[in-house]
>>> print(open('coords.csv').read())   # CSV, C-alpha atoms
chain,number,residue,atom,x,y,z
A,1,MET,CA,-142.2,-74.7,-51.8
A,2,ALA,CA,-143.5,-73.2,-48.6
A,3,PHE,CA,-146.6,-73.8,-46.6
A,4,ILE,CA,-149.3,-71.2,-47.2
A,5,ASP,CA,-151.4,-70.0,-44.3
A,6,TYR,CA,-154.8,-69.6,-46.0
A,7,TYR,CA,-156.3,-68.2,-42.8
A,8,LYS,CA,-153.7,-65.5,-42.7
A,9,VAL,CA,-154.3,-64.7,-46.4
A,10,LEU,CA,-158.0,-64.0,-45.6
A,11,GLY,CA,-157.1,-62.3,-42.3
A,12,LEU,CA,-159.0,-65.0,-40.2
A,13,ASP,CA,-158.2,-67.5,-37.5
A,14,LYS,CA,-158.8,-71.2,-37.5
A,15,THR,CA,-162.2,-70.9,-35.7
A,16,ALA,CA,-163.6,-68.8,-38.6
A,17,SER,CA,-167.2,-69.8,-39.6
A,18,ALA,CA,-168.3,-70.3,-43.2
A,19,ASP,CA,-170.0,-66.9,-43.0
A,20,ASP,CA,-166.7,-65.3,-41.8
A,21,ILE,CA,-164.9,-66.8,-44.7
A,22,LYS,CA,-167.4,-65.6,-47.2
A,23,LYS,CA,-167.4,-62.1,-45.7
A,24,ALA,CA,-163.6,-61.9,-45.6
A,25,TYR,CA,-163.3,-63.2,-49.2
A,26,ARG,CA,-165.9,-60.7,-50.5
A,27,LYS,CA,-164.2,-57.8,-48.8
A,28,LEU,CA,-160.7,-58.7,-50.2
A,29,ALA,CA,-162.1,-59.5,-53.6
A,30,ARG,CA,-163.7,-56.1,-53.8
A,31,LYS,CA,-160.3,-54.6,-53.3
A,32,HIS,CA,-158.1,-56.9,-55.3
A,33,HIS,CA,-160.3,-58.4,-58.0
A,34,PRO,CA,-158.8,-57.9,-61.5
A,35,ASP,CA,-162.1,-56.4,-62.7
A,36,MET,CA,-161.5,-53.6,-60.1
A,37,ASN,CA,-157.8,-53.2,-60.9
A,38,PRO,CA,-157.4,-52.8,-64.7
A,39,ASN,CA,-153.9,-53.5,-66.0
A,40,ASP,CA,-152.5,-54.1,-62.5
A,41,LYS,CA,-150.5,-57.3,-62.4
A,42,GLU,CA,-149.8,-57.1,-58.7
A,43,ALA,CA,-153.5,-57.0,-57.8
A,44,ASN,CA,-154.1,-59.9,-60.2
A,45,LEU,CA,-151.4,-61.9,-58.3
A,46,LYS,CA,-152.9,-60.9,-54.9
A,47,PHE,CA,-156.3,-62.0,-56.1
A,48,GLN,CA,-155.1,-65.4,-57.1
A,49,GLN,CA,-153.8,-65.9,-53.5
A,50,ILE,CA,-157.2,-64.8,-52.1
A,51,ASN,CA,-159.1,-66.9,-54.5
A,52,GLU,CA,-156.9,-70.0,-53.7
A,53,ALA,CA,-157.4,-69.4,-49.9
A,54,ASN,CA,-161.2,-69.1,-50.5
A,55,GLU,CA,-161.2,-72.2,-52.7
A,56,VAL,CA,-159.7,-74.2,-49.9
A,57,LEU,CA,-161.5,-72.7,-46.8
A,58,SER,CA,-165.0,-72.4,-48.4
A,59,ASP,CA,-165.0,-76.1,-49.4
A,60,PRO,CA,-165.7,-78.2,-46.3
A,61,ASP,CA,-163.7,-81.2,-47.7
A,62,LYS,CA,-160.7,-79.2,-48.7
A,63,ARG,CA,-160.7,-77.2,-45.4
A,64,LYS,CA,-160.9,-80.4,-43.4
A,65,LYS,CA,-157.9,-81.9,-45.2
A,66,TYR,CA,-156.0,-78.6,-45.0
A,67,ASP,CA,-156.7,-78.3,-41.3
A,68,GLU,CA,-155.8,-82.0,-40.7
A,69,TYR,CA,-152.4,-81.8,-42.3
A,70,GLY,CA,-151.6,-78.1,-41.9
A,71,GLU,CA,-147.8,-77.6,-41.9
A,72,ASN,CA,-147.3,-81.4,-42.3
A,73,TRP,CA,-148.7,-81.2,-45.8
A,74,LYS,CA,-145.6,-82.9,-47.2
A,75,HIS,CA,-146.7,-86.1,-45.5
A,76,ALA,CA,-150.3,-85.8,-46.6
A,77,GLU,CA,-150.0,-88.2,-49.5
A,78,GLN,CA,-148.5,-91.0,-47.5
A,79,PHE,CA,-151.0,-90.5,-44.6
A,80,GLU,CA,-153.9,-90.6,-47.1
A,81,HIS,CA,-152.4,-93.7,-48.7
A,82,ALA,CA,-152.1,-95.5,-45.4
A,83,LYS,CA,-155.6,-94.5,-44.3
A,84,GLN,CA,-157.1,-95.9,-47.5
A,85,GLN,CA,-155.2,-99.1,-47.1
A,86,GLN,CA,-156.6,-99.5,-43.6
A,87,GLN,CA,-160.1,-98.7,-44.8
A,88,GLN,CA,-160.0,-101.0,-47.9
A,89,GLN,CA,-158.5,-104.1,-46.3
A,90,GLY,CA,-159.8,-107.1,-48.1
A,91,TYR,CA,-160.6,-105.1,-51.3
A,92,THR,CA,-158.4,-104.9,-54.3
A,93,TYR,CA,-157.6,-101.5,-55.6
A,94,GLY,CA,-155.2,-100.0,-58.0
A,95,GLY,CA,-152.9,-97.8,-56.0
A,96,GLN,CA,-155.3,-94.8,-55.8
A,97,THR,CA,-153.8,-91.9,-54.0
A,98,GLY,CA,-156.9,-90.1,-53.1
A,99,PHE,CA,-155.7,-86.8,-54.5
A,100,GLU,CA,-157.5,-87.0,-57.8
A,101,GLY,CA,-161.1,-86.8,-58.9
A,102,PHE,CA,-162.1,-83.2,-58.0
A,103,GLY,CA,-162.6,-82.8,-61.7
A,104,GLY,CA,-163.8,-79.7,-63.5
A,105,ASP,CA,-162.4,-77.5,-66.2
A,106,PHE,CA,-159.4,-75.7,-64.8
A,107,SER,CA,-158.5,-73.5,-67.7
A,108,GLY,CA,-157.5,-70.1,-66.5
A,109,GLU,CA,-157.1,-71.1,-62.9
A,110,HIS,CA,-153.8,-70.5,-61.2
A,111,PHE,CA,-152.9,-72.4,-58.1
A,112,SER,CA,-149.7,-72.5,-56.2
A,113,ASP,CA,-147.4,-75.6,-56.1
A,114,PHE,CA,-148.5,-76.0,-52.4
A,115,PHE,CA,-152.1,-76.2,-53.4
A,116,GLU,CA,-151.4,-78.7,-56.2
A,117,SER,CA,-149.3,-80.9,-53.9
A,118,LEU,CA,-152.1,-81.1,-51.4
A,119,PHE,CA,-155.1,-81.3,-53.7
A,120,GLY,CA,-153.5,-82.5,-56.9
A,121,ARG,CA,-153.2,-80.8,-60.3
A,122,GLY,CA,-156.5,-79.5,-61.3
A,123,GLY,CA,-157.7,-79.7,-57.7
A,124,GLY,CA,-159.7,-76.5,-58.1
A,125,SER,CA,-163.4,-76.7,-58.3
A,126,GLY,CA,-163.5,-74.2,-61.1
A,127,ARG,CA,-166.5,-72.6,-59.4
A,128,ARG,CA,-165.5,-69.1,-60.3
A,129,SER,CA,-163.2,-69.0,-63.3
A,130,GLN,CA,-164.6,-72.0,-65.2
A,131,ALA,CA,-166.5,-70.8,-68.2
A,132,LYS,CA,-170.1,-71.2,-67.3
A,133,TYR,CA,-171.1,-69.5,-70.5
A,134,ARG,CA,-168.8,-67.0,-72.3
A,135,GLY,CA,-165.2,-68.2,-72.5
A,136,GLN,CA,-162.5,-66.4,-70.6
A,137,ASP,CA,-160.7,-63.5,-72.4
A,138,TYR,CA,-157.0,-64.0,-73.0
A,139,GLN,CA,-154.4,-61.2,-72.7
A,140,ALA,CA,-151.1,-61.3,-74.6
A,141,GLU,CA,-148.2,-59.0,-75.3
A,142,LEU,CA,-146.4,-58.8,-78.6
A,143,HIS,CA,-143.1,-57.0,-78.7
A,144,LEU,CA,-142.1,-55.3,-81.9
A,145,GLY,CA,-139.0,-53.3,-82.9
A,146,LEU,CA,-139.7,-49.7,-84.0
A,147,ARG,CA,-138.7,-50.5,-87.6
A,148,GLU,CA,-140.9,-53.6,-87.6
A,149,ALA,CA,-143.8,-51.5,-86.4
A,150,ALA,CA,-143.2,-49.1,-89.3
A,151,THR,CA,-144.2,-51.7,-91.9
A,152,THR,CA,-147.4,-53.6,-92.5
A,153,HIS,CA,-146.5,-57.3,-91.8
A,154,GLN,CA,-147.9,-60.6,-90.8
A,155,HIS,CA,-147.4,-62.4,-87.6
A,156,THR,CA,-148.4,-65.9,-86.5
A,157,LEU,CA,-149.5,-66.5,-82.9
A,158,LYS,CA,-150.2,-69.9,-81.3
A,159,VAL,CA,-153.5,-69.7,-79.4
A,160,ASN,CA,-155.3,-72.8,-78.0
A,161,ASP,CA,-152.9,-75.0,-80.1
A,162,GLN,CA,-154.0,-73.2,-83.2
A,163,ASN,CA,-152.0,-70.9,-85.4
A,164,VAL,CA,-153.6,-67.5,-85.8
A,165,ARG,CA,-152.2,-65.3,-88.5
A,166,ILE,CA,-152.7,-61.6,-88.0
A,167,THR,CA,-151.8,-58.6,-90.1
A,168,ILE,CA,-150.2,-55.8,-88.1
A,169,PRO,CA,-150.8,-52.5,-89.9
A,170,ALA,CA,-147.8,-50.1,-90.1
A,171,GLY,CA,-147.9,-47.4,-87.5
A,172,ILE,CA,-149.2,-49.4,-84.6
A,173,ALA,CA,-148.7,-47.5,-81.4
A,174,ASN,CA,-146.8,-48.6,-78.3
A,175,GLY,CA,-149.5,-49.9,-75.8
A,176,GLN,CA,-152.2,-50.2,-78.5
A,177,VAL,CA,-154.5,-53.1,-77.9
A,178,ILE,CA,-156.1,-55.2,-80.7
A,179,LYS,CA,-159.0,-57.5,-80.0
A,180,LEU,CA,-159.3,-60.8,-81.8
A,181,LYS,CA,-162.9,-61.8,-81.3
A,182,GLY,CA,-163.5,-65.4,-80.4
A,183,HIS,CA,-159.9,-66.3,-80.0
A,184,GLY,CA,-160.1,-66.6,-76.2
A,185,ALA,CA,-161.0,-69.7,-74.2
A,186,PRO,CA,-163.9,-71.7,-75.5
A,187,GLY,CA,-167.3,-71.0,-73.9
A,188,GLY,CA,-169.4,-73.4,-71.8
A,189,ASN,CA,-173.0,-74.5,-72.2
A,190,GLY,CA,-173.2,-73.2,-75.8
A,191,GLY,CA,-171.8,-69.8,-74.9
A,192,PRO,CA,-169.5,-67.8,-77.2
A,193,ALA,CA,-165.7,-68.1,-76.9
A,194,GLY,CA,-163.8,-65.3,-75.1
A,195,ASP,CA,-161.7,-62.8,-77.0
A,196,LEU,CA,-157.9,-62.4,-77.3
A,197,TYR,CA,-156.5,-59.0,-76.5
A,198,ILE,CA,-153.1,-58.3,-77.8
A,199,THR,CA,-151.2,-55.4,-76.4
A,200,PHE,CA,-148.4,-54.2,-78.7
A,201,ILE,CA,-145.1,-53.1,-77.0
A,202,VAL,CA,-143.0,-51.1,-79.5
A,203,GLU,CA,-139.4,-51.1,-78.3
A,204,ASP,CA,-137.2,-48.1,-78.5
A,205,ASP,CA,-134.7,-47.8,-81.3
A,206,GLU,CA,-131.1,-46.6,-80.9
A,207,HIS,CA,-131.5,-43.9,-83.6
A,208,PHE,CA,-135.1,-42.7,-83.2
A,209,LYS,CA,-137.5,-41.8,-80.5
A,210,ARG,CA,-141.2,-41.7,-81.3
A,211,SER,CA,-144.0,-39.5,-80.1
A,212,GLY,CA,-147.2,-40.3,-81.8
A,213,ASP,CA,-146.5,-40.3,-85.6
A,214,ASP,CA,-143.4,-38.0,-85.2
A,215,LEU,CA,-139.9,-39.3,-85.0
A,216,TYR,CA,-137.0,-37.6,-83.3
A,217,ALA,CA,-133.3,-38.1,-84.0
A,218,ASN,CA,-130.0,-36.4,-83.1
A,219,VAL,CA,-127.4,-35.8,-85.8
A,220,ASP,CA,-123.8,-34.9,-85.1
A,221,VAL,CA,-122.5,-32.0,-87.1
A,222,ASP,CA,-118.8,-31.1,-87.0
A,223,LEU,CA,-117.8,-27.6,-86.0
A,224,TYR,CA,-116.7,-26.4,-89.4
A,225,ALA,CA,-119.9,-27.6,-91.1
A,226,ALA,CA,-121.9,-25.8,-88.4
A,227,LEU,CA,-119.9,-22.6,-88.9
A,228,LEU,CA,-119.5,-22.5,-92.6
A,229,GLY,CA,-122.5,-24.6,-93.8
A,230,GLY,CA,-122.4,-28.0,-95.5
A,231,GLU,CA,-124.3,-31.1,-96.4
A,232,ILE,CA,-124.8,-34.3,-94.5
A,233,THR,CA,-126.5,-37.6,-95.3
A,234,PHE,CA,-129.0,-39.1,-92.9
A,235,ASP,CA,-130.7,-42.6,-92.9
A,236,THR,CA,-134.5,-42.1,-92.3
A,237,LEU,CA,-136.8,-45.1,-91.9
A,238,ASN,CA,-137.4,-45.2,-95.7
A,239,GLY,CA,-134.1,-44.2,-97.2
A,240,LYS,CA,-131.3,-41.7,-97.1
A,241,VAL,CA,-131.9,-38.0,-97.3
A,242,LYS,CA,-129.4,-35.1,-97.8
A,243,LEU,CA,-129.6,-32.4,-95.2
A,244,LYS,CA,-128.3,-28.9,-95.9
A,245,VAL,CA,-126.6,-27.4,-92.8
A,246,LYS,CA,-127.0,-23.6,-92.9
A,247,PRO,CA,-123.9,-21.5,-92.1
A,248,GLU,CA,-123.7,-20.5,-88.4
A,249,THR,CA,-126.0,-23.3,-87.3
A,250,GLN,CA,-126.3,-23.3,-83.5
A,251,ASN,CA,-126.0,-26.4,-81.3
A,252,GLY,CA,-129.5,-27.8,-80.7
A,253,THR,CA,-131.0,-26.4,-83.9
A,254,LYS,CA,-134.1,-28.4,-84.9
A,255,VAL,CA,-135.1,-29.2,-88.5
A,256,ARG,CA,-138.5,-30.7,-89.3
A,257,LEU,CA,-138.8,-33.0,-92.3
A,258,LYS,CA,-142.4,-33.2,-93.3
A,259,GLY,CA,-143.8,-36.8,-93.9
A,260,LYS,CA,-140.5,-38.5,-93.1
A,261,GLY,CA,-141.6,-39.7,-89.7
A,262,PHE,CA,-143.6,-42.8,-88.6
A,263,PRO,CA,-146.4,-44.1,-90.9
A,264,LYS,CA,-149.9,-43.2,-89.7
A,265,TYR,CA,-151.9,-46.2,-88.6
A,266,LYS,CA,-154.3,-47.3,-91.3
A,267,LYS,CA,-153.7,-44.2,-93.4
A,268,GLU,CA,-151.7,-45.6,-96.3
A,269,GLY,CA,-149.1,-43.2,-97.7
A,270,GLU,CA,-149.3,-40.8,-94.8
A,271,ALA,CA,-146.6,-40.3,-92.2
A,272,GLY,CA,-145.7,-38.0,-89.4
A,273,ASP,CA,-142.7,-35.7,-89.4
A,274,LEU,CA,-139.0,-36.4,-88.6
A,275,ILE,CA,-137.5,-33.8,-86.2
A,276,ILE,CA,-133.8,-33.7,-86.4
A,277,THR,CA,-131.7,-32.0,-83.7
A,278,TYR,CA,-128.2,-30.9,-84.7
A,279,ASN,CA,-125.6,-31.8,-82.2
A,280,VAL,CA,-122.5,-29.7,-82.9
A,281,ILE,CA,-119.3,-31.6,-82.0
A,282,LEU,CA,-116.4,-29.5,-80.9
A,283,PRO,CA,-113.0,-30.8,-82.0
A,284,THR,CA,-110.7,-32.5,-79.5
A,285,GLY,CA,-106.9,-33.3,-79.5
A,286,LEU,CA,-106.0,-30.0,-81.1
A,287,SER,CA,-102.6,-29.7,-82.7
A,288,GLU,CA,-100.4,-26.7,-81.8
A,289,LYS,CA,-101.1,-25.2,-85.2
A,290,GLU,CA,-104.9,-25.5,-84.7
A,291,LYS,CA,-104.6,-23.9,-81.3
A,292,GLU,CA,-102.6,-21.1,-82.7
A,293,LEU,CA,-105.2,-20.5,-85.4
A,294,ILE,CA,-108.1,-20.6,-82.9
A,295,ARG,CA,-106.3,-18.1,-80.7
A,296,GLU,CA,-105.9,-15.8,-83.7
A,297,LEU,CA,-109.6,-16.3,-84.5
A,298,ALA,CA,-110.5,-15.5,-80.9
A,299,SER,CA,-108.4,-12.3,-81.0
A,300,VAL,CA,-110.1,-11.3,-84.3
A,301,SER,CA,-113.5,-12.1,-82.8
A,302,SER,CA,-112.9,-10.0,-79.6
A,303,LYS,CA,-111.9,-7.0,-81.7
A,304,ASN,CA,-115.2,-7.1,-83.7
B,1,MET,CA,-178.6,-62.4,-79.3
B,2,ILE,CA,-178.6,-64.2,-76.0
B,3,SER,CA,-181.7,-65.2,-74.1
B,4,ILE,CA,-181.9,-63.9,-70.6
B,5,THR,CA,-183.7,-67.0,-69.4
B,6,HIS,CA,-180.9,-69.2,-70.8
B,7,TYR,CA,-178.2,-66.9,-69.2
B,8,CYS,CA,-179.9,-66.9,-65.8
B,9,THR,CA,-180.4,-70.7,-65.9
B,10,ILE,CA,-176.7,-71.3,-66.7
B,11,HIS,CA,-175.5,-68.8,-64.0
B,12,ASN,CA,-178.1,-70.0,-61.6
B,13,ILE,CA,-179.3,-66.4,-60.9
B,14,ASP,CA,-182.6,-64.7,-60.7
B,15,THR,CA,-183.9,-62.8,-63.8
B,16,SER,CA,-184.9,-59.9,-61.4
B,17,PHE,CA,-181.1,-59.0,-61.2
B,18,ILE,CA,-181.0,-58.6,-65.0
B,19,HIS,CA,-184.1,-56.4,-65.0
B,20,ALA,CA,-182.6,-54.3,-62.1
B,21,LEU,CA,-179.5,-53.8,-64.3
B,22,ALA,CA,-181.7,-52.7,-67.2
B,23,ASP,CA,-183.7,-50.4,-65.0
B,24,GLU,CA,-180.4,-48.7,-63.9
B,25,GLY,CA,-179.4,-48.3,-67.6
B,26,LEU,CA,-176.4,-50.6,-67.3
B,27,ILE,CA,-177.6,-53.0,-70.0
B,28,VAL,CA,-180.1,-52.8,-72.8
B,29,LEU,CA,-182.7,-55.6,-73.1
B,30,THR,CA,-184.4,-56.4,-76.4
B,31,ILE,CA,-187.8,-57.7,-75.8
B,32,ALA,CA,-189.0,-60.5,-78.2
B,33,THR,CA,-192.1,-62.7,-78.2
B,34,ASP,CA,-190.1,-65.5,-76.5
B,35,GLY,CA,-188.7,-63.3,-73.8
B,36,PRO,CA,-185.9,-60.7,-73.2
B,37,PHE,CA,-182.5,-60.9,-75.0
B,38,ILE,CA,-179.3,-59.0,-74.9
B,39,GLU,CA,-176.8,-58.3,-77.8
B,40,GLU,CA,-173.7,-60.5,-77.6
B,41,GLU,CA,-171.5,-57.3,-77.4
B,42,GLN,CA,-173.0,-56.6,-74.0
B,43,LEU,CA,-172.2,-60.1,-72.6
B,44,PRO,CA,-168.7,-59.3,-71.2
B,45,ASP,CA,-170.2,-56.4,-69.2
B,46,LEU,CA,-173.2,-58.5,-68.1
B,47,GLU,CA,-170.8,-61.2,-66.8
B,48,SER,CA,-168.7,-58.7,-65.0
B,49,TYR,CA,-171.8,-57.2,-63.3
B,50,THR,CA,-172.9,-60.7,-62.4
B,51,ARG,CA,-169.5,-61.4,-60.7
B,52,TRP,CA,-169.6,-58.2,-58.9
B,53,HIS,CA,-173.1,-58.8,-57.5
B,54,TYR,CA,-172.9,-62.5,-56.7
B,55,GLU,CA,-169.2,-62.9,-55.7
B,56,MET,CA,-168.6,-59.5,-54.1
B,57,GLY,CA,-172.0,-58.5,-52.9
B,58,VAL,CA,-172.2,-55.2,-54.9
B,59,ASN,CA,-175.7,-53.9,-55.6
B,60,THR,CA,-176.8,-52.3,-58.9
B,61,GLU,CA,-176.2,-48.7,-57.7
B,62,GLY,CA,-172.7,-49.8,-56.6
B,63,ILE,CA,-172.2,-51.4,-60.0
B,64,ASP,CA,-173.0,-48.1,-61.7
B,65,VAL,CA,-170.5,-46.2,-59.5
B,66,ILE,CA,-167.8,-48.8,-60.1
B,67,ARG,CA,-168.4,-48.7,-63.8
B,68,HIS,CA,-167.9,-44.9,-63.9
B,69,LEU,CA,-164.8,-45.1,-61.7
B,70,LEU,CA,-163.3,-47.8,-63.9
B,71,ASP,CA,-163.9,-45.6,-67.0
B,72,ARG,CA,-162.0,-42.8,-65.2
B,73,ILE,CA,-159.2,-45.1,-64.2
B,74,ARG,CA,-158.8,-46.4,-67.8
B,75,ASN,CA,-158.8,-42.8,-69.2
B,76,MET,CA,-156.2,-41.8,-66.6
B,77,GLN,CA,-154.1,-44.8,-67.4
B,78,GLY,CA,-154.2,-43.8,-71.1
B,79,GLU,CA,-153.2,-40.3,-70.3
B,80,MET,CA,-150.3,-41.5,-68.0
B,81,HIS,CA,-149.1,-43.8,-70.9
B,82,ASN,CA,-149.1,-40.8,-73.3
B,83,LEU,CA,-147.3,-38.6,-70.8
B,84,ARG,CA,-144.7,-41.3,-70.1
B,85,MET,CA,-144.1,-41.6,-73.9
B,86,ARG,CA,-143.6,-37.8,-74.1
B,87,LEU,CA,-141.3,-37.9,-71.1
B,88,ASN,CA,-139.2,-40.6,-72.8
B,89,LEU,CA,-138.3,-38.0,-75.4
B,90,TYR,CA,-136.5,-35.9,-72.9
B,91,GLU,CA,-134.9,-38.7,-70.9
B,92,ASN,CA,-131.6,-40.5,-71.3
B,93,GLY,CA,-129.7,-37.3,-71.8
B,94,ASP,CA,-131.2,-36.5,-75.2
>>> encode(input="coords.csv", output="structure tokens")
Amino acid sequence: MAFIDYYKVLGLDKTASADDIKKAYRKLARKHHPDMNPNDKEANLKFQQINEANEVLSDPDKRKKYDEYGENWKHAEQFEHAKQQQQQQGYTYGGQTGFEGFGGDFSGEHFSDFFESLFGRGGGSGRRSQAKYRGQDYQAELHLGLREAATTHQHTLKVNDQNVRITIPAGIANGQVIKLKGHGAPGGNGGPAGDLYITFIVEDDEHFKRSGDDLYANVDVDLYAALLGGEITFDTLNGKVKLKVKPETQNGTKVRLKGKGFPKYKKEGEAGDLIITYNVILPTGLSEKEKELIRELASVSSKN
Amino acid sequence: MISITHYCTIHNIDTSFIHALADEGLIVLTIATDGPFIEEEQLPDLESYTRWHYEMGVNTEGIDVIRHLLDRIRNMQGEMHNLRMRLNLYENGD
């Protein structure tokens, strides 16, 4: 755990006034606040650092303590302890360390280990992120396999120590967000709870690629079936299909199977298309006899 | 429905800020006999605007500009996501 220079985080020096701190915080918050940087985890992290620096430097008690111990923060606890013993000589007390009692509701606040070691866990004042009224929104990611996302199924999530059962309709898109109203942090002062936003991440599948409701797959066809025609069996998401390979099929030929793709979201019985690309495989490890026949074929072809 | 007076008391802010937002068309107030209210659906937006104004010093005109730019960012992020998905079809040698 390293020392954090809060003055540096806000771009200030130690002589900064309360007004300088407020101005520096506002300027940086306008740039890095998560409200201004949707879906940007880096900005979110940067803002946490700025918020923490402001939390310390804009609070006279915390700033005094931070300035007093500075880089010797590791010894802060024992110094405080010794100081209290001196001050309270003659009184009985129960081993208080002086690092508790800032109080407040700390849900949603993220402080570094350095901050917590200096001010205790929950050392934040909660001035900004504490729910004054409407509770904080929660963001969560749910990863699904492609085949899992192709069927309507139920999923149980644990939110605020409560199990929330959700039904995920077939056909959910990668990156789609679902809002569960009132499943965020509880509100304060009689305000409503926040919402829970679940972003679905649909993983790639080794056999299929998805674009909207269409699925794409490659199918290997041997040279002879490609030349003379034939039949191959293919596993779609909902069962096997027989594919007719026309004679003289070229490598890269595409076949569209209507309604055999991905289920359409909240449109029961409807699905996109499955687009199959034939990948003609040339034989390898030819025997002498095969080579001879191919040479003969080549000479016949060149005469035509 | 949420009472504006109640909201302002809890956030320790002046009601004139809420009326300035309404004048700018950023929120819609419902006027009742016991004062102005907003629909609960507007609350997340109102709380964002309150943060922007009181924590970052943005005025109501600035809030309107930011709101438009954020809409554009979100639309562009959606478009980028769709393009990435399409690009994925052609990647990995397939």
>>> residues_around(input="coords.csv", residues="region 70-79 of chain B", least_positions_apart="3", cutoff="12 Å", atoms="all atoms listed in the file", output="list in words")
Pro34, Asp35, Met36, Asn37, Pro38, Asn39, Asp40, Asn174, Gly175, Gln176 and Val177 of chain A; Ile63, Asp64, Val65, Ile66, Arg67, Asn82, Leu83, Arg84, Met85 and Arg86 of chain B
>>> residues_around(input="coords.csv", residues="region 20-23 of chain B", least_positions_apart="4", cutoff="9 Å", atoms="all atoms listed in the file", output="PDB file with C-alpha atoms, keeping the file's coordinate frame")
ATOM      1  CA  THR B  15    -183.900 -62.800 -63.800  1.00  0.00           C
ATOM      2  CA  SER B  16    -184.900 -59.900 -61.400  1.00  0.00           C
ATOM      3  CA  ILE B  27    -177.600 -53.000 -70.000  1.00  0.00           C
ATOM      4  CA  VAL B  28    -180.100 -52.800 -72.800  1.00  0.00           C
ATOM      5  CA  LEU B  29    -182.700 -55.600 -73.100  1.00  0.00           C
ATOM      6  CA  LEU B  46    -173.200 -58.500 -68.100  1.00  0.00           C
ATOM      7  CA  TYR B  49    -171.800 -57.200 -63.300  1.00  0.00           C
ATOM      8  CA  THR B  60    -176.800 -52.300 -58.900  1.00  0.00           C
ATOM      9  CA  GLU B  61    -176.200 -48.700 -57.700  1.00  0.00           C
ATOM     10  CA  ILE B  63    -172.200 -51.400 -60.000  1.00  0.00           C
TER      11      ILE B  63
END
>>> residues_near_point(input="coords.csv", point="(-115.5, -26.5, -91.4)", cutoff="12 Å", atoms="only C-alpha atoms", output="short mmCIF file (atom, residue, chain, number, x, y, z; two decimals) with C-alpha atoms, in the frame of the given file")
data_model
loop_
_atom_site.label_atom_id
_atom_site.label_comp_id
_atom_site.auth_asym_id
_atom_site.auth_seq_id
_atom_site.Cartn_x
_atom_site.Cartn_y
_atom_site.Cartn_z
CA VAL A 221 -122.50 -32.00 -87.10
CA ASP A 222 -118.80 -31.10 -87.00
CA LEU A 223 -117.80 -27.60 -86.00
CA TYR A 224 -116.70 -26.40 -89.40
CA ALA A 225 -119.90 -27.60 -91.10
CA ALA A 226 -121.90 -25.80 -88.40
CA LEU A 227 -119.90 -22.60 -88.90
CA LEU A 228 -119.50 -22.50 -92.60
CA GLY A 229 -122.50 -24.60 -93.80
CA GLY A 230 -122.40 -28.00 -95.50
CA GLU A 231 -124.30 -31.10 -96.40
CA VAL A 245 -126.60 -27.40 -92.80
CA LYS A 246 -127.00 -23.60 -92.90
CA PRO A 247 -123.90 -21.50 -92.10
CA GLU A 248 -123.70 -20.50 -88.40
CA THR A 249 -126.00 -23.30 -87.30
CA VAL A 280 -122.50 -29.70 -82.90
CA ILE A 281 -119.30 -31.60 -82.00
CA LEU A 282 -116.40 -29.50 -80.90
CA PRO A 283 -113.00 -30.80 -82.00
#
>>> residues_around(input="coords.csv", residues="Leu28 (chain A)", least_positions_apart="6", cutoff="9 Å", atoms="all atoms listed in the file", output="count of residues only")
4
>>> closest_residue(input="coords.csv", among="B:Ile13, B:Ala32, B:Leu26, B:Leu43", to="Asp137 (chain A)", atoms="only C-alpha atoms")
B:Leu43
>>> atom_distance(input="coords.csv", atom1="CA of Lys267 (chain A)", atom2="CA of Asp213 (chain A)")
11.3 Å
>>> interface_residues(input="coords.csv", of="chain A", to="chain B", cutoff="9 Å", atoms="only C-alpha atoms", output="VMD selection string")
chain A and resid 23 25 to 30 35 to 39 128 132 to 134 174 to 175 189 191 to 192 194 209 to 212 216 218
>>> atom_distance(input="coords.csv", atom1="CA of Ser17 (chain A)", atom2="CA of Glu68 (chain A)")
16.7 Å
>>> residues_near_point(input="coords.csv", point="(-162.1, -61.0, -41.9)", cutoff="6 Å", atoms="only C-alpha atoms", output="VMD selection string")
chain A and resid 11 to 12 24
>>> write_last_selection(input="coords.csv", atoms="C-alpha atoms", output="PDB file, keeping the file's coordinate frame")
ATOM      1  CA  GLY A  11    -157.100 -62.300 -42.300  1.00  0.00           C
ATOM      2  CA  LEU A  12    -159.000 -65.000 -40.200  1.00  0.00           C
ATOM      3  CA  ALA A  24    -163.600 -61.900 -45.600  1.00  0.00           C
TER       4      ALA A  24
END
>>> closest_residue(input="coords.csv", among="A:Val241, A:Ala173, A:Leu180, A:Leu286", to="Lys264 (chain A)", atoms="all atoms listed in the file")
A:Ala173
>>> atom_distance(input="coords.csv", atom1="CA of Thr199 (chain A)", atom2="CA of Gln162 (chain A)")
19.3 Å
>>> residues_around(input="coords.csv", residues="Gln139 (chain A)", least_positions_apart="2", cutoff="9 Å", atoms="all atoms listed in the file", output="ChimeraX atom specification")
/A:137,141,184,195-199
